[in-house]
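One structure below.
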Amino acid sequence: MKRIIALTAAAATLILALSCSQTDTADVQVGPYTVSVIEPGVYHIQDFNDENPAGETFDAEGNKTHFNNCSDMYLLVGRSKALLIDLSNNIKWADNAEESLRSIVAERTKGKDLIITFTHNHGDHTGMLYAYRNDPDVAFACPKADFQNLLTQEEAAKWPLYNEGFEFDLGGMKVQTIAVPGHTPGSMVFYLKGHNIIFSGDAIGSGHGVWIFNRDAFYSYVSAVYHLAAFVEDPANGIDKDALKFYGGHYWQRDWLDYAEGQEQGWQYLSDMKDLIDQIERGEAATEPSNLGMPNLDTYFRNGEAIITWNAAEAKEYTEEYSEKIVYRDEDLVFRQIDEHTWEGNGHMVYNESVYLIEGEEKALLIDAGTMLRHLDKAVAKLTDKPVTLVATHVHGDHTGMAINLFPEIYINPADVAQMGMNLTDASAAANMYKCKFCFLQDGMVFDLGGREIEVVYTPGHTPGSTTFIDKEKHYGFSGDSFGSTNLLLTSNFSTLVSTTARMEAYMKKFGIEKLYPGHYNKGNLETLQRVQDLNRMAHEMLDGTRTGVTEEGMLGLNSAINDFGVTVRYNYPNAVK
C-alpha cells in the first residue's frame, strides 16, 4: 500500500511539474493582454487578445477593417527584484485593463520589489502609467533626456533619472541601458546581460520602420545606430552577434519582415540599418510613399530588413548638407574628404564639432580633437600612415576633449593656458590631469609636413589664444571658432576683434586665401574674406556707437548679441565695448 501511495505522490508531482511547465511557456490571455514567455523569468506582455487582435486586417478590396496598434511591455524577474519595461497603450477598449495588468505582474513577480522604466516618452509606451503611478510599493526610474522636464517635483525627487550606462541589478539578472536617440531625444534600449537580448522599444523600429520626426532627430539617429552597433560588437559586452535578438515596442509589425517562425530581429537588421543610413546620406536609398497621412513622415526609406520612416524633403536637405564624400564613420565621428590629402571630421557632441587631418609627404597634422571622439587615433590611422602631430585652434572642451590623451603631445597657444584651469608649465600637475605632453604654438611658426607647409596665425577674440592654421599653397585655412562658424562667441572685446579681423583681411588678400574651414563645419558656413570684412565692420560700429546689440543670455558669461551679414556675435556688455 505504501508503494502505491508513493507512486501516486510521485505521479502527482510529475503532473504538477508538467502543468507548471506548460503554464510557464504557453501564451496566456488575461483581460486585454496576452502574455508570452521569452525565457525563464522574462515575459512579453502585449495589449491584444482574441477579441481585439494585434495589427491590421483588410478586406478583399484592400480597405482596413481593423487596427490595434498593439504595444509591448517586457517583465524581467530576478531573484530579488523585477523590472517592467514600458506600460503599453492606455487601454480604453476593455474595462479591466488596470486590474488585469496588475494581476499579470503580481503573479509573476511573487512579491519581489518592482521597478518600472521606459524606453521613451510616447503615450503608447506610458499609457498605463495610472495603474502604478501612486503605488507606494513600486519604484520608477526614467531616461533623463525624455523625462526630466515632465515629472512633478514630487516624482522627480523620488524617481531616479538616469543616463546611458545605468544598470538594473535584479539579483542574478542585470540589465544595462544604452542610449539610442533619434525616435525621441531620450530613447533608451535595455541589454539583458549574458542573454543576447536587447529590448529596444521604438529606437530602431519593430518592422514597419523607425519614425524620425525631423532632421535633428535623424542627425542624432545616425550616431546612435553606429553607437549601438559598436556596443554589440565590443567583446567586453560578451554578445554573440549570431544569437542576438531585438524585442521591439510593437511586435506585431514583424509582418513586414520575411522571418521564419520563431526568428527575431537581430544583427542583420542592425547591419541593414547602418547601410540604410549611409544610403540616405548619399541620396541613394530606395524609397516609397508611406501613405500615413502625416507630412513629416511621408516616405519609407528601405534597405533589406531595415526601414526608416521620415520626410523626403528633409532627407534631401540633409543629403545636400555636405558636398564631400564620406570616407570613415564610427559611433562618434564621421570623416569626409576635402581633397586627396585633406580630410574633415565631425563629432556629434557639441554642434557638429570639427577636426581636420592634413597630410604631407612625411608627416600629418591633426587640427583639434573634438569633445568625445573615443577612437580618433584609430580613425586617423585609417586615413594616413604618416606620423601625426595634434594641434588645437583653442582649448575649449569641444576642441580639446578626451581624445587629446590618445596622442603623445598637443600644441596649444600659450595665451589659452589659463583657460585650462591649471598651470601647464607645472609638469607634475599636468601629468596628473593629462597623458599627453603640452607644447606651445608661436605666431608665424610653420609645420613642415614634407612638401606641404602649414603656418600658424594668432587670431584672438573667441579666446585669448585662438589660432588659425593656413595652407598658403592651397589657398585655404582652418580657423576653429575664431570667426564663429556663423556664431561667434566673443569672450574678449570688440577692440580685439577689430585687430584680428584687420590682420586676417590683410593676410588673406596678400596670399590669396579663399576660405577658412571653421570649428563647426557644414556646407554653408565656410569663412570667407567677405565674412572677415563683415565682422570687422560690425566690431568698428560697436565701438563707435553706431550699432547696438540686444540682451540675449548665453554661455560663457555672454549676455548680448548683434546679428547681421548672416552671422551672430555674442558678447558681454559692457566689458566688450570698453
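To be explicit about the labels: the chains of the C-alpha cells are called A, B, and onward in the order shown, and within each one the residues are counted from 1, while ligands get numbers from 1 in the order they are shown.
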Can you list, as an MDAnalysis selection string, all residues belonging to region 147-201 of chain A that DSSP tags as strand (DSSP E)?
chainID A and resid 161:162 167:169 174:179 188:192 197:201
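The nearest approach to Ala392 (chain A) among the residues A:Phe48, A:Tyr411, A:Tyr43, A:Phe118, with only C-alpha atoms taken into account, belongs to A:Tyr411.
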Find the residue from A:Glu61, A:Glu553, A:Glu317, A:Glu98 that sits nearest to Val30 (chain A); use only C-alpha atoms when measuring.
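Checking each candidate against Val30 (chain A), we get A:Glu98 as the closest.
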Taking 6 positions as the minimum chain separation for residues in the same chain, which residues sit within 12 Å of Gly111 (chain A) when counting only C-alpha atoms? Answer as a VMD selection string.
chain A and resid 77 to 82 103 105 137 to 138
For Gly519 (chain A), the nearest of the candidates A:Ala179, A:Cys439, A:Met555, A:Val355, counting only C-alpha atoms
A:Val355
Taking 6 positions as the minimum chain separation for residues in the same chain, which residues sit within 8 Å of Ile197 (chain A) when counting only C-alpha atoms? Answer as a compact mmCIF listing (two decimals) with N, CA, C and O atoms, in the first residue's frame.
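Written out: result-v9.txt:
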# COMPACT_ATOMS: atom_id res chain seq x y z
N TYR A 191 19.83 46.09 -22.45
CA TYR A 191 20.54 44.84 -22.75
C TYR A 191 20.48 43.92 -21.54
O TYR A 191 20.96 44.27 -20.45
N LEU A 244 22.02 37.24 -31.29
CA LEU A 244 21.39 38.45 -30.78
C LEU A 244 19.92 38.53 -31.21
O LEU A 244 19.57 38.26 -32.36
N LYS A 245 19.08 38.94 -30.26
CA LYS A 245 17.66 39.13 -30.54
C LYS A 245 17.22 40.50 -30.02
O LYS A 245 17.50 40.85 -28.88
N PHE A 246 16.54 41.26 -30.89
CA PHE A 246 15.92 42.52 -30.50
C PHE A 246 14.43 42.29 -30.30
O PHE A 246 13.77 41.70 -31.17
N TYR A 247 13.92 42.75 -29.18
CA TYR A 247 12.49 42.75 -28.94
C TYR A 247 12.03 44.19 -28.90
O TYR A 247 12.38 44.95 -27.99
What does the structure give for the distance between CA of Glu284 (chain A) and CA of Tyr318 (chain A), in Å to one decimal?
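Straight-line distance from CA of Glu284 (chain A) to CA of Tyr318 (chain A) works out to 12.6 Å.
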Pick the closest to Leu333 (chain A) from A:Leu150, A:Ala26, A:Leu529, A:Ala224: which is it, counting only C-alpha atoms?
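Comparing A:Leu150, A:Ala26, A:Leu529, A:Ala224 against Leu333 (chain A), the winner is A:Ala224.
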Quick one: pick out all helix (DSSP H, G or I) residues within region 121-159 of chain A from a backbone DSSP run and write them as a count of residues only.
17
Quick one: residues within 6 Å of region 200-207 of chain A, only C-alpha atoms, excluding same-chain residues fewer than 2 positions away - as a list in words?
Thr119, His183, Ser187, Val189, Ile198, Gly209, Val210, Tyr247, Gly248, Gly249, His250, Gln253, Arg254 and Trp256 of chain A
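Counting only C-alpha atoms, the residue from A:Gln176, A:Ser323, A:Thr65, A:Gln419 that sits nearest to Arg282 (chain A) is A:Ser323.
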Selected residue, from A:Thr468, A:Ser485, A:Thr109, A:Ser88, that lies nearest to Val42 (chain A) when counting only C-alpha atoms
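The answer is A:Thr109, which sits nearest to Val42 (chain A).
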Would you kindly return, as a ChimeraX atom specification, each protein, DNA or RNA residue with an atom no farther than 9 Å from any atom of Ala285 (chain A), considering only C-alpha atoms and excluding same-chain residues fewer than 2 positions away?
/A:276-283,287,301-303
re CA of Ala236 (chain A) and CA of Ile85 (chain A): distance 24.7 Å
